[in-house]
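A short worksheet on the structure shown next.
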Amino acid sequence: MWCPGCGDLAVLTAIQRLCRDEQLPPEKTVFVSGIGCSSRFPHYMKTYGFHGLHGRALPVAEGIRSRRPDLHIFVATGDGDCCSIGAGHWIHSIRYNMNMVVMLFDNNIYGLTKAQTSPTSLRGLKTNTHPRGAWLDPIDPIQTTLGVVNASFVARTVDWNPPHLLATLQAAHRHQGFSFIQIIQRCPHYTSKVFEALQREPSNVLLMTHPDGITVDDGALRAFPNQVEHDPANIHEGRELAEQNDAVAIGLFYRNENAQRYDEYTVEGIATTRAQKIEALRKELQQYEV
Ligand code: SF4
């Protein structure tokens, strides 16, 4: 279903490598998505999958997490799916910090429904809904995520650098919590020109490096000569790097291994036996006895 040259294919390759390297059992792995080009992701995987409703991937994934803490959960969502109709779920999911990897495929456009302005479309981008150019400045998914209380893993990568993409996915998978990755994703069909300057001129990208950040090989380091050391424990510096406009920062903005996780609460009682449930119900009903 994806067009030739679509950045979604690069992410698919990276994810399949991750599943192989980490030896994730297909029967213990689930991909959840909403609606959009990237939300077709579960169909390309030989694992469990749930291709859900527009904007609703995150609550579905949280439901799975609450009852099946033994599964590896990945969410594929797009800029339209996550940052527009699903924005309410996005904000609260950051705060819930349930253990899952969330891949935001950000191509700056609604691709599946043929080129409408999305919340991340750059101002001036001509689309079917704004033929004279998008009217408003876009939402920055990284700045938004870093602004929500209890954010625990916030990273950005690009689809056209396979080592950095894979290393970011690996770090996100290792993190115990809500691992949010904005993947800048090429859509050759509708926004072919949007990321050209980033791809062709590496100095437009700022690579964040740190021993606790995303570890990449020398090839990736050479591909992005414009670098800055950033400790991902420092959220204030992470916010500053997300806000600066000199170059697009990629790497790990923030990680907090100690953030509260709501799934540690929702899984309580999961192993309760039938007899224990009946006893708990009996005790509960006793308070209404007259
Ligand atoms: Fe990929 Fe764009 Fe084609 Fe959708 S429309 S499959 S995002 S290239």
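Order determines the names: the first chain of the structure tokens is A, the second B, and so forth; residues in each chain are numbered 1 upward, and ligands are numbered 1 upward as they are shown.
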
Check your understanding: Can you list, as a PyMOL selection string, every protein, DNA or RNA residue that comes within 9 Å of Arg40 of chain A when you count only C-alpha atoms, leaving out same-chain residues fewer than 3 positions away?
Key -> chain A and resi 1-2+33-37+43-44+51+76

Within 9 Å of ligand 1, counting only C-alpha atoms and all ligand atoms: which residues, as a short mmCIF file (atom, residue, chain, number, x, y, z; two decimals) with N, CA and C atoms, in the first residue's frame?
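Saved as selection34.cif:
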```cif
data_model
loop_
_atom_site.label_atom_id
_atom_site.label_comp_id
_atom_site.auth_asym_id
_atom_site.auth_seq_id
_atom_site.Cartn_x
_atom_site.Cartn_y
_atom_site.Cartn_z
N MET A 1 0.82 -1.22 0.00
CA MET A 1 0.00 0.00 0.00
C MET A 1 0.86 1.27 0.00
N TRP A 2 2.06 1.21 0.52
CA TRP A 2 2.88 2.43 0.60
C TRP A 2 3.51 2.75 -0.76
N CYS A 3 3.65 4.05 -1.06
CA CYS A 3 4.24 4.47 -2.34
C CYS A 3 5.74 4.12 -2.35
N PRO A 4 6.29 3.92 -3.55
CA PRO A 4 7.75 3.70 -3.63
C PRO A 4 8.48 4.91 -3.04
N GLY A 5 9.51 4.63 -2.25
CA GLY A 5 10.30 5.72 -1.67
C GLY A 5 9.72 6.30 -0.40
N CYS A 6 8.58 5.78 0.05
CA CYS A 6 7.96 6.30 1.28
C CYS A 6 8.86 6.00 2.48
N GLY A 7 9.02 6.97 3.37
CA GLY A 7 9.86 6.78 4.55
C GLY A 7 9.33 5.70 5.49
N ASP A 8 8.05 5.37 5.37
CA ASP A 8 7.49 4.30 6.22
C ASP A 8 8.25 2.99 6.01
N LEU A 9 8.72 2.78 4.77
CA LEU A 9 9.43 1.52 4.46
C LEU A 9 10.76 1.45 5.21
N GLY A 36 -4.28 6.23 8.92
CA GLY A 36 -3.34 7.04 8.14
C GLY A 36 -2.41 6.10 7.39
N CYS A 37 -1.53 6.67 6.57
CA CYS A 37 -0.59 5.82 5.81
C CYS A 37 0.23 4.96 6.77
N SER A 38 0.86 5.61 7.76
CA SER A 38 1.74 4.86 8.67
C SER A 38 0.97 3.88 9.53
N PHE A 105 5.13 8.98 13.07
CA PHE A 105 5.59 9.17 11.70
C PHE A 105 5.16 10.57 11.27
N ASP A 106 6.11 11.48 11.19
CA ASP A 106 5.74 12.87 10.94
C ASP A 106 6.16 13.27 9.52
N ASN A 107 5.18 13.25 8.62
CA ASN A 107 5.46 13.65 7.23
C ASN A 107 4.83 15.00 6.90
N ILE A 109 1.79 16.03 6.73
CA ILE A 109 0.63 16.08 5.82
C ILE A 109 -0.30 14.90 6.13
N TYR A 110 -1.57 15.06 5.80
CA TYR A 110 -2.46 13.89 5.78
C TYR A 110 -2.26 13.23 4.42
N GLY A 111 -1.56 12.10 4.39
CA GLY A 111 -1.25 11.45 3.10
C GLY A 111 -2.38 10.56 2.61
N LEU A 112 -2.92 9.73 3.51
CA LEU A 112 -3.92 8.73 3.10
C LEU A 112 -5.14 9.40 2.49
N THR A 113 -5.53 10.55 3.05
CA THR A 113 -6.74 11.23 2.56
C THR A 113 -6.41 12.33 1.55
N LYS A 114 -5.19 12.28 1.01
CA LYS A 114 -4.80 13.09 -0.16
C LYS A 114 -4.50 14.56 0.13
N ALA A 115 -3.55 14.78 1.06
CA ALA A 115 -2.91 16.09 1.17
C ALA A 115 -3.74 17.21 1.78
N GLN A 185 9.61 11.84 8.60
CA GLN A 185 9.35 10.79 7.59
C GLN A 185 9.02 11.40 6.22
N ARG A 186 9.79 10.99 5.24
CA ARG A 186 9.58 11.52 3.88
C ARG A 186 8.28 10.99 3.27
N CYS A 187 7.56 11.89 2.64
CA CYS A 187 6.39 11.49 1.86
C CYS A 187 6.64 12.00 0.45
N PRO A 188 7.30 11.16 -0.40
CA PRO A 188 7.64 11.65 -1.74
C PRO A 188 6.43 12.04 -2.56
N HIS A 189 5.28 11.54 -2.18
CA HIS A 189 4.08 11.81 -2.97
C HIS A 189 3.54 13.23 -2.75
N TYR A 190 3.53 13.69 -1.50
CA TYR A 190 2.89 14.98 -1.21
C TYR A 190 3.81 16.04 -0.62
N THR A 191 4.87 15.63 0.10
CA THR A 191 5.73 16.66 0.71
C THR A 191 7.19 16.40 0.33
N SER A 192 7.40 16.09 -0.95
CA SER A 192 8.75 15.71 -1.39
C SER A 192 9.77 16.81 -1.15
#
```

Practice item. Any chance you could list, as a ChimeraX atom specification, the residues in segment 28-230 of chain A that come up strand (DSSP E) when DSSP is run on the backbone? Key: /A:29-33,48-51,72-78,100-106,109-110,116-117,153-158,178-184,205-209,227-229

Exercise for review: Taking the chain letters and numbering used in this document, name the residues of segment 74-285 of chain A that DSSP puts in alpha helix (DSSP H), as an NGL selection string.
Suggested key: :A and (79-80 or 87-96 or 141-146 or 162-174 or 196-200 or 218-223 or 235-243 or 263-266 or 274-285)

Point to revise | Coordinates-based distance that separates atom CA of Ser121 of chain A from atom CA of Phe195 of chain A (Å, one decimal) | key: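 Computing it gives 11.6 Å between the two atoms.
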
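Minimum distance to Phe224 of chain A across A:Thr157, A:Thr120, A:Thr272, A:Thr144 (counting only C-alpha atoms) occurs at A:Thr157.
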
Exercise for review: Could you jot down the atom CA of Phe180 of chain A to atom CA of Pro225 of chain A separation for me, Å, one decimal place?
Suggested key: 25.0 Å

Point to revise | Shell of 6 Å around segment 201-211 of chain A, only C-alpha atoms, local chain residues under 3 positions omitted, as a list in words | key: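 Counting only C-alpha atoms, the residues come to Ala197, Leu198, Phe224, Asn226, Gln227, Val228, Glu229, His230, Asp231, Ala247, Val248, Ala249, Ile250 and Gly251 of chain A.
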
Practice item. Name the residues in contact with segment 63-66 of chain A at a cut-off of 7 Å, using only C-alpha atoms, excluding same-chain residues fewer than 3 positions from it; report them as a PyMOL selection string. Key: chain A and resi 59-60+69+263+266-267

The selected residues should be written to file as a PDB file, in the first residue's frame (atoms: N, CA, C and O atoms).
```
ATOM      1  N   PRO A  59      -5.137   4.816  23.469  1.00  0.00           N
ATOM      2  CA  PRO A  59      -5.970   4.140  24.475  1.00  0.00           C
ATOM      3  C   PRO A  59      -6.075   2.641  24.251  1.00  0.00           C
ATOM      4  O   PRO A  59      -6.141   1.877  25.231  1.00  0.00           O
ATOM      5  N   VAL A  60      -6.060   2.205  23.005  1.00  0.00           N
ATOM      6  CA  VAL A  60      -6.087   0.758  22.736  1.00  0.00           C
ATOM      7  C   VAL A  60      -4.803   0.119  23.289  1.00  0.00           C
ATOM      8  O   VAL A  60      -4.833  -0.900  23.986  1.00  0.00           O
ATOM      9  N   PRO A  69       0.760  -7.257  30.566  1.00  0.00           N
ATOM     10  CA  PRO A  69       2.064  -6.605  30.780  1.00  0.00           C
ATOM     11  C   PRO A  69       3.229  -7.403  30.225  1.00  0.00           C
ATOM     12  O   PRO A  69       4.351  -6.903  30.170  1.00  0.00           O
ATOM     13  N   ASP A 263       0.903   1.933  34.444  1.00  0.00           N
ATOM     14  CA  ASP A 263       0.631   0.503  34.214  1.00  0.00           C
ATOM     15  C   ASP A 263       1.026  -0.343  35.431  1.00  0.00           C
ATOM     16  O   ASP A 263       0.511  -1.442  35.597  1.00  0.00           O
ATOM     17  N   THR A 266      -2.331  -0.239  37.066  1.00  0.00           N
ATOM     18  CA  THR A 266      -3.466  -0.893  36.383  1.00  0.00           C
ATOM     19  C   THR A 266      -3.320  -2.415  36.336  1.00  0.00           C
ATOM     20  O   THR A 266      -4.314  -3.107  36.138  1.00  0.00           O
ATOM     21  N   VAL A 267      -2.101  -2.921  36.479  1.00  0.00           N
ATOM     22  CA  VAL A 267      -1.949  -4.386  36.435  1.00  0.00           C
ATOM     23  C   VAL A 267      -2.202  -5.040  37.797  1.00  0.00           C
ATOM     24  O   VAL A 267      -2.206  -6.259  37.903  1.00  0.00           O
TER      25      VAL A 267
END
```

Check your understanding: From the list A:Pro25, A:Gly177, A:Gly238, A:Gly52, which residue is nearest Tyr262 of chain A when using only C-alpha atoms?
Key -> A:Gly177

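Residue nearest His89 of chain A, chosen from A:Val216, A:Cys19, A:Val11, A:Ala61 and counting only C-alpha atoms: A:Ala61.
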
**Study point:** Interatomic distance, atom CA of Thr127 of chain A to atom CA of Gln244 of chain A (Å, one decimal)
**Key:** 26.5 Å

Check your understanding: Leaving out Arg200 of chain A and any residue of its chain fewer than 6 positions from it, which residues lie within 12 Å of it when counting only C-alpha atoms, given as a list in words?
Key -> Trp160, Lys193, Val194, Ala223 and Phe224 of chain A
